[in-house]
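Trainee: Sharing a structure with you now.
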Amino acid sequence: MDFIYSMKSENADTGLRYKTEYCKVRIDEKTGSRYFYFRMRRYFYDETENKFVPGRLDVTEDSTIGNWLDKDRMHQGLSSQEATRRLGVVGPNVLDLKKPTILGSIVREFSKPFYLYQNFMVWTWAPYWYYYMAIVQTVVRVTGGMVVAIFQYMGDMNLYQLMVVDGMAEVIRDGELMSVDQTDVVPGDIVRVTPGLSYFDMAILKSERLLVDESALTGEVHPVAKIPLDPANSGQVYNTKMCKSSTISAGTTVLECGGGDEYNVLAIVTQTGSFTSKGELLSDVLSYERHQFKFDTEVKLVLFILLVEMAILVSVVLHFIEDHWVYAWFYAVFVAGTCLPPLLPTVFVVSVGISCKRLQAQRITCTDSTGILVAGKVKKAFFDKTGTLTEQGLSFVSARTSNDLGKSATNTSGEVDIDPILQLGLSVCHTLTSNASGDLIGPAVDRMGFSAVRSARLVNEHSVMLGDDTIKYLKRFEFDHHSMTQSVIVQRGEEKIVFVKGSPEAISKLCVPSSIPSDFADHARYCARNGIYQLAIARSTYTGSEETHEVQRSDIENDLTFTGCINFQNTMKHETPSVISELREGNVESAIVTGDNVLTGIYIAKKSGIIAPNKNVIIGISVSDDEVIQWVHASDDSDAGDPLVSIPENTVLAMTGEVWNHLLRYDPKSAIALGNHTFVYGRCTPNDKVSVVSTFVQYGDITLMCGDGGNDCGALKAAHVGIALSDAEASVVAPFTSLDKNITSVTEVLKEGRCALASAFASYKYMLMYGQVESINQVVNAYFSITFSEWCWVFMDGIWPITMAFSLPLSKAAKTLSPKRPTASILGPHTLSSACGVLSINFLFLVIALALLWKQDWFQCRMWGSNDVSNVTVLGDNYETSVIFLVTGYQYISSAAAFNFGYTYRAGWFKNYVFVFFFSVWTAFQFTATMSANKFSCIWRANCDNDNAVRFVTSTEPEALYNDFNTTVMPTSFRGTLLGLMIANLILNCAWEYLVVNRMLPKVNDEIAGIKSSQHASGEYVDTATNAYLIKPIPADSEVA
């Protein structure tokens, strides 16, 4: 049976819209329940609610972390009966996507409505004299459809490989450990964690040394240590954000887990199937709708225009042809078929597929190839700082106690001299663990800090050696992005000590005020201003009466004694300045979104070139209790004027995540207005990064986000174009992944995006031009009651369009980014001036060629010896056909040569080697056929006499020419004239495209844009009395909106 699933969506322009899809309802063989899948999600029929509901189980319902950690429950697991019931609700642990096949992709492609039209066009050729043209047309259409289907298959296969579920899992059911198929695991199952790929989300209940690789989901380049759920949270309900360090998501690879008995590493399954973290990401990929370009809406108007043209030309042809109506009708259908070229739908797919392959060759993977076109229009690029603009690791510089803050943060002696109390803090206040080889695993800042204490050695997860002392861990809390702190309780001898490490701002709020040095804030700002990554550390003595495993973070992170600061240097990648410079020259604005101090971000921004060295910077540093933003000068912390009133000349902005959120909450227009002048966002949580990127997306800017994963995941998904620097080849964290973790991948993606967009439009213009030239030719032929010979049609309708259209997109990307972005409008001035200009030039040369022919004293019109006008084998042996074929046939080649100019988005004309090869071959063919009078020219029945007349398609026997002269050979002088026309046509086409369209027209557009900009400049600020935002947001790219 079929079930109608109605999906409701909101559209700002049209209001409420409904989209209805039919989904097949099935019956579960094990449970008898009814269900269906929609966008990989399983919906089952709930008898109590009397409707279909999502097949999702909430394992946290009526259950706490304490219930999960109960040993009896842990070792009992689910009953087999309960597992079967849950399987009926959630279904198999798979992502419901059929394995793509090349045959399926081909069938799906050729089932589209456009191919119904194409098949009709082929059918009209088949029963007629031109049955061989039906073969040629079939080859053309099948080639185009096959190319599209293959590219689609490769994209679908890449996605499918991310969804495969394979192997067995060990679960506890009915108190026994058993092996079941991975697809039979259900939420609530207690599983034994083993090395390998995880196919479900789970929370760790019990473990020893557990290391995982999360790069496929988050882009995190280093292994991550996982720990069991904290017993101190026994009364709370599990959630992934609070218990991130105890959660393993589907798609994560378990690298190592502790040995021991079979119950040593246990976890509870929280989600399966499409409801896992990986399932959610893949569902987003499948349901992703590419950003709508202008051509997406304009193509409907183009189709309407072509349909109108079809109707007009068909009427004209029916009027001209005075033969039998059947012949007239079929000829009119031929004309209609050429108005809408058969390869037109393939141009964008082919261009994108070629660019995708080139990116893969540069070790940049692409999970969503449609994003390549969007990359061609990127206007704003956001970068994470650490690991993206700077090196992944940190260099330890120094550690200073509260009494030594005045000393230089940089150790110039070359020796590390750390106070004993800070040595203790660095040795224990971290979340490090070690793998089987003894290598330290954990955040870079923890690894470098620990390594700076040479006498420290990590024994295991429970203790560390500092010199001869063994220090036991009693409780550890991970770094929290909201509190900006991490903490630990350790025991040294009989003393229990608390250490808390975090950002200077966060630590200062947790310390007893009297313990904080008076110059601490100034010192922190000084370090940040000079690019020093600084952490503060504080301590206290633990005197609580409760067991340490029951201690909450809030119990120990207060009333601390300030201990000192730890200073690191984050070296900038050597390629960063050149990448930022190229983006700036390519008219792409860059900004930093970082969790570090905003002053450190400004330091890197100036060093990398995001902010010019001579620019002044005003910082939105904080929000007061009375909701007033404090703006200060970055250079000396002095108060600055409100940028909402005016921004001083030669000044840019920076702000903290707190200030951004305040602006966005109370005055979104002002937020985006100031955002257009803001180049650094500091102290941003992962949610703040998402907010910044998504706001610019919402207001119309085509955005790019580049990060190394981890806390950048949300922002990478929010941007139009996300580029993750990760070595996970099968990553779903972003549409693009740089396996070499090199920031130059940003410019490579943008260059390929611009190249793909420009190449697609070049092929699009060529296909339209080919259709129009051929339509005009057929109308002219109808007027003269003539037509082309067989091989003329084979070349004009088959060989030339295929080779030219498919070689045009092979042009490589330009070496540098152009100051302009390619057009995305097929009805814009650039596209129309290019296509219409070349078409007009071609038509002009056709008229000139025929006019010159008519003036020849040896020429007489329509001289053939047959009265059967519908016999197409006899209508091609005349001078008119020869001239039209030679002149307009070369226009197929010369027009492609003009469109091969890539402006500044593609490599030089001669760098498209495949195209140059075909251009040279077909030029040689056409020029030879024009100037020679032998068997070669007789292939096209041009410059041919009865001694050489062989019809190579329908027969290999000589076949006399069907005219009274028994020849179509033209005088050598006239052939030279035709050759001169063809060369002039080529030169004029190329000159129009290169000099007028690609050179002169952009300058005119710039002048018009400059006039408009100056006209609006006076309205940039409004009266302060209105209390409205005063800086106008920069409008979105007009060609993309």
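Residue numbering restarts at 1 for every chain of the structure tokens, chains are lettered A, B, ... in their displayed order, and ligands are numbered from 1 as they appear.
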Which of region 335-414 of chain A end up as alpha helix (DSSP H) when DSSP is run on this backbone - answer as a list in words?

Mentor: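 Across region 335-414 of chain A, those assigned alpha helix (DSSP H) are Val335, Ala336, Gly337, Thr338, Cys339, Val347, Phe348, Val349, Val350, Ser351, Val352, Gly353, Ile354, Ser355, Cys356, Lys357, Arg358, Leu359, Gln360, Ala361, Gly371, Ile372, Leu373, Val374 and Ala375 of chain A.
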
Trainee: Just checking: using only C-alpha atoms, which residue out of A:Lys765, A:Lys30, A:Lys377, A:His222 ends up closest to Ala824 (chain A)?

Mentor: A:Lys377

Trainee: What gap, in Å, lies between CA of Ala671 (chain A) and CA of Gly586 (chain A)?

Mentor: 25.4 Å

Trainee: I'd like the contact shell of Ser937 (chain A) - 12 Å cut-off, only C-alpha atoms, skipping same-chain residues fewer than 4 positions apart - returned as a list in words.

Mentor: Ser789, Trp791, Cys792, Ser882, Phe885, Leu886, Ala924, Phe925, Gln926, Phe927, Thr928, Ala929, Thr930, Met931, Ser932, Ala933, Arg941, Ala942, Asn943, Cys944, Asp945, Asn948, Ala949, Val950, Arg951, Phe952, Thr968, Val969 and Met970 of chain A

Trainee: I need the chosen residues saved as a PDB file, in the first residue's frame, with N, CA and C atoms.

Mentor:
```pdb
ATOM      1  N   SER A 789      24.005  17.656 -47.141  1.00  0.00           N
ATOM      2  CA  SER A 789      24.233  16.231 -47.376  1.00  0.00           C
ATOM      3  C   SER A 789      24.460  15.509 -46.047  1.00  0.00           C
ATOM      4  N   TRP A 791      26.946  13.786 -44.527  1.00  0.00           N
ATOM      5  CA  TRP A 791      28.094  14.016 -43.661  1.00  0.00           C
ATOM      6  C   TRP A 791      28.114  15.435 -43.106  1.00  0.00           C
ATOM      7  N   CYS A 792      27.488  16.347 -43.784  1.00  0.00           N
ATOM      8  CA  CYS A 792      27.358  17.696 -43.208  1.00  0.00           C
ATOM      9  C   CYS A 792      26.568  17.634 -41.913  1.00  0.00           C
ATOM     10  N   SER A 882      26.748  24.255 -50.261  1.00  0.00           N
ATOM     11  CA  SER A 882      28.202  24.208 -50.037  1.00  0.00           C
ATOM     12  C   SER A 882      28.682  25.447 -49.300  1.00  0.00           C
ATOM     13  N   PHE A 885      27.342  25.521 -45.691  1.00  0.00           N
ATOM     14  CA  PHE A 885      28.035  24.552 -44.827  1.00  0.00           C
ATOM     15  C   PHE A 885      29.450  25.002 -44.500  1.00  0.00           C
ATOM     16  N   LEU A 886      30.184  25.463 -45.516  1.00  0.00           N
ATOM     17  CA  LEU A 886      31.581  25.827 -45.275  1.00  0.00           C
ATOM     18  C   LEU A 886      31.691  27.022 -44.330  1.00  0.00           C
ATOM     19  N   ALA A 924      41.577  22.508 -39.702  1.00  0.00           N
ATOM     20  CA  ALA A 924      42.280  21.945 -40.857  1.00  0.00           C
ATOM     21  C   ALA A 924      41.302  21.251 -41.798  1.00  0.00           C
ATOM     22  N   PHE A 925      40.360  20.498 -41.241  1.00  0.00           N
ATOM     23  CA  PHE A 925      39.346  19.823 -42.053  1.00  0.00           C
ATOM     24  C   PHE A 925      38.564  20.835 -42.888  1.00  0.00           C
ATOM     25  N   GLN A 926      38.071  21.887 -42.212  1.00  0.00           N
ATOM     26  CA  GLN A 926      37.193  22.834 -42.885  1.00  0.00           C
ATOM     27  C   GLN A 926      37.942  23.666 -43.917  1.00  0.00           C
ATOM     28  N   PHE A 927      39.155  24.082 -43.574  1.00  0.00           N
ATOM     29  CA  PHE A 927      39.941  24.869 -44.526  1.00  0.00           C
ATOM     30  C   PHE A 927      40.314  24.014 -45.754  1.00  0.00           C
ATOM     31  N   THR A 928      40.628  22.750 -45.510  1.00  0.00           N
ATOM     32  CA  THR A 928      40.982  21.859 -46.619  1.00  0.00           C
ATOM     33  C   THR A 928      39.777  21.613 -47.517  1.00  0.00           C
ATOM     34  N   ALA A 929      38.623  21.385 -46.893  1.00  0.00           N
ATOM     35  CA  ALA A 929      37.404  21.164 -47.676  1.00  0.00           C
ATOM     36  C   ALA A 929      37.044  22.409 -48.478  1.00  0.00           C
ATOM     37  N   THR A 930      37.414  23.579 -47.973  1.00  0.00           N
ATOM     38  CA  THR A 930      37.108  24.831 -48.675  1.00  0.00           C
ATOM     39  C   THR A 930      38.018  25.037 -49.877  1.00  0.00           C
ATOM     40  N   MET A 931      39.288  24.780 -49.704  1.00  0.00           N
ATOM     41  CA  MET A 931      40.258  25.113 -50.754  1.00  0.00           C
ATOM     42  C   MET A 931      40.511  23.965 -51.724  1.00  0.00           C
ATOM     43  N   SER A 932      40.187  22.753 -51.357  1.00  0.00           N
ATOM     44  CA  SER A 932      40.469  21.620 -52.241  1.00  0.00           C
ATOM     45  C   SER A 932      39.228  21.225 -53.024  1.00  0.00           C
ATOM     46  N   ALA A 933      39.432  20.477 -54.084  1.00  0.00           N
ATOM     47  CA  ALA A 933      38.326  19.932 -54.868  1.00  0.00           C
ATOM     48  C   ALA A 933      38.689  18.497 -55.198  1.00  0.00           C
ATOM     49  N   ARG A 941      30.074  16.712 -50.078  1.00  0.00           N
ATOM     50  CA  ARG A 941      29.477  17.087 -51.368  1.00  0.00           C
ATOM     51  C   ARG A 941      29.723  18.560 -51.680  1.00  0.00           C
ATOM     52  N   ALA A 942      30.827  19.104 -51.174  1.00  0.00           N
ATOM     53  CA  ALA A 942      31.215  20.490 -51.441  1.00  0.00           C
ATOM     54  C   ALA A 942      32.471  20.475 -52.292  1.00  0.00           C
ATOM     55  N   ASN A 943      32.567  21.422 -53.264  1.00  0.00           N
ATOM     56  CA  ASN A 943      33.705  21.429 -54.182  1.00  0.00           C
ATOM     57  C   ASN A 943      33.910  20.031 -54.772  1.00  0.00           C
ATOM     58  N   CYS A 944      32.849  19.477 -55.276  1.00  0.00           N
ATOM     59  CA  CYS A 944      32.856  18.080 -55.685  1.00  0.00           C
ATOM     60  C   CYS A 944      32.390  17.959 -57.143  1.00  0.00           C
ATOM     61  N   ASP A 945      32.955  16.970 -57.860  1.00  0.00           N
ATOM     62  CA  ASP A 945      32.477  16.653 -59.194  1.00  0.00           C
ATOM     63  C   ASP A 945      32.222  15.157 -59.281  1.00  0.00           C
ATOM     64  N   ASN A 948      34.774  12.343 -58.262  1.00  0.00           N
ATOM     65  CA  ASN A 948      35.103  12.082 -56.853  1.00  0.00           C
ATOM     66  C   ASN A 948      33.866  11.859 -55.980  1.00  0.00           C
ATOM     67  N   ALA A 949      32.703  11.862 -56.583  1.00  0.00           N
ATOM     68  CA  ALA A 949      31.465  11.848 -55.799  1.00  0.00           C
ATOM     69  C   ALA A 949      31.177  10.454 -55.244  1.00  0.00           C
ATOM     70  N   VAL A 950      31.382  10.292 -53.962  1.00  0.00           N
ATOM     71  CA  VAL A 950      31.052   9.051 -53.257  1.00  0.00           C
ATOM     72  C   VAL A 950      30.253   9.426 -52.026  1.00  0.00           C
ATOM     73  N   ARG A 951      29.129   8.778 -51.829  1.00  0.00           N
ATOM     74  CA  ARG A 951      28.285   9.063 -50.660  1.00  0.00           C
ATOM     75  C   ARG A 951      28.691   8.081 -49.557  1.00  0.00           C
ATOM     76  N   PHE A 952      29.568   8.492 -48.670  1.00  0.00           N
ATOM     77  CA  PHE A 952      30.213   7.572 -47.736  1.00  0.00           C
ATOM     78  C   PHE A 952      29.274   7.030 -46.664  1.00  0.00           C
ATOM     79  N   THR A 968      29.853  20.778 -57.996  1.00  0.00           N
ATOM     80  CA  THR A 968      29.663  21.880 -57.040  1.00  0.00           C
ATOM     81  C   THR A 968      31.005  22.586 -56.801  1.00  0.00           C
ATOM     82  N   VAL A 969      31.954  22.332 -57.698  1.00  0.00           N
ATOM     83  CA  VAL A 969      33.277  22.939 -57.565  1.00  0.00           C
ATOM     84  C   VAL A 969      33.183  24.428 -57.870  1.00  0.00           C
ATOM     85  N   MET A 970      33.686  25.219 -56.949  1.00  0.00           N
ATOM     86  CA  MET A 970      33.684  26.678 -57.109  1.00  0.00           C
ATOM     87  C   MET A 970      35.060  27.137 -57.564  1.00  0.00           C
TER      88      MET A 970
END
```

Trainee: Select, from A:Val453, A:Ile537, A:Ile321, A:Ile983, the residue with the minimum atom-to-atom distance to Val779 (chain A), counting only C-alpha atoms.

Mentor: A:Ile321

Trainee: What is the CA of Pro971 (chain A) to CA of Phe843 (chain A) distance in Å?

Mentor: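 Separation of CA of Pro971 (chain A) and CA of Phe843 (chain A): 24.0 Å.
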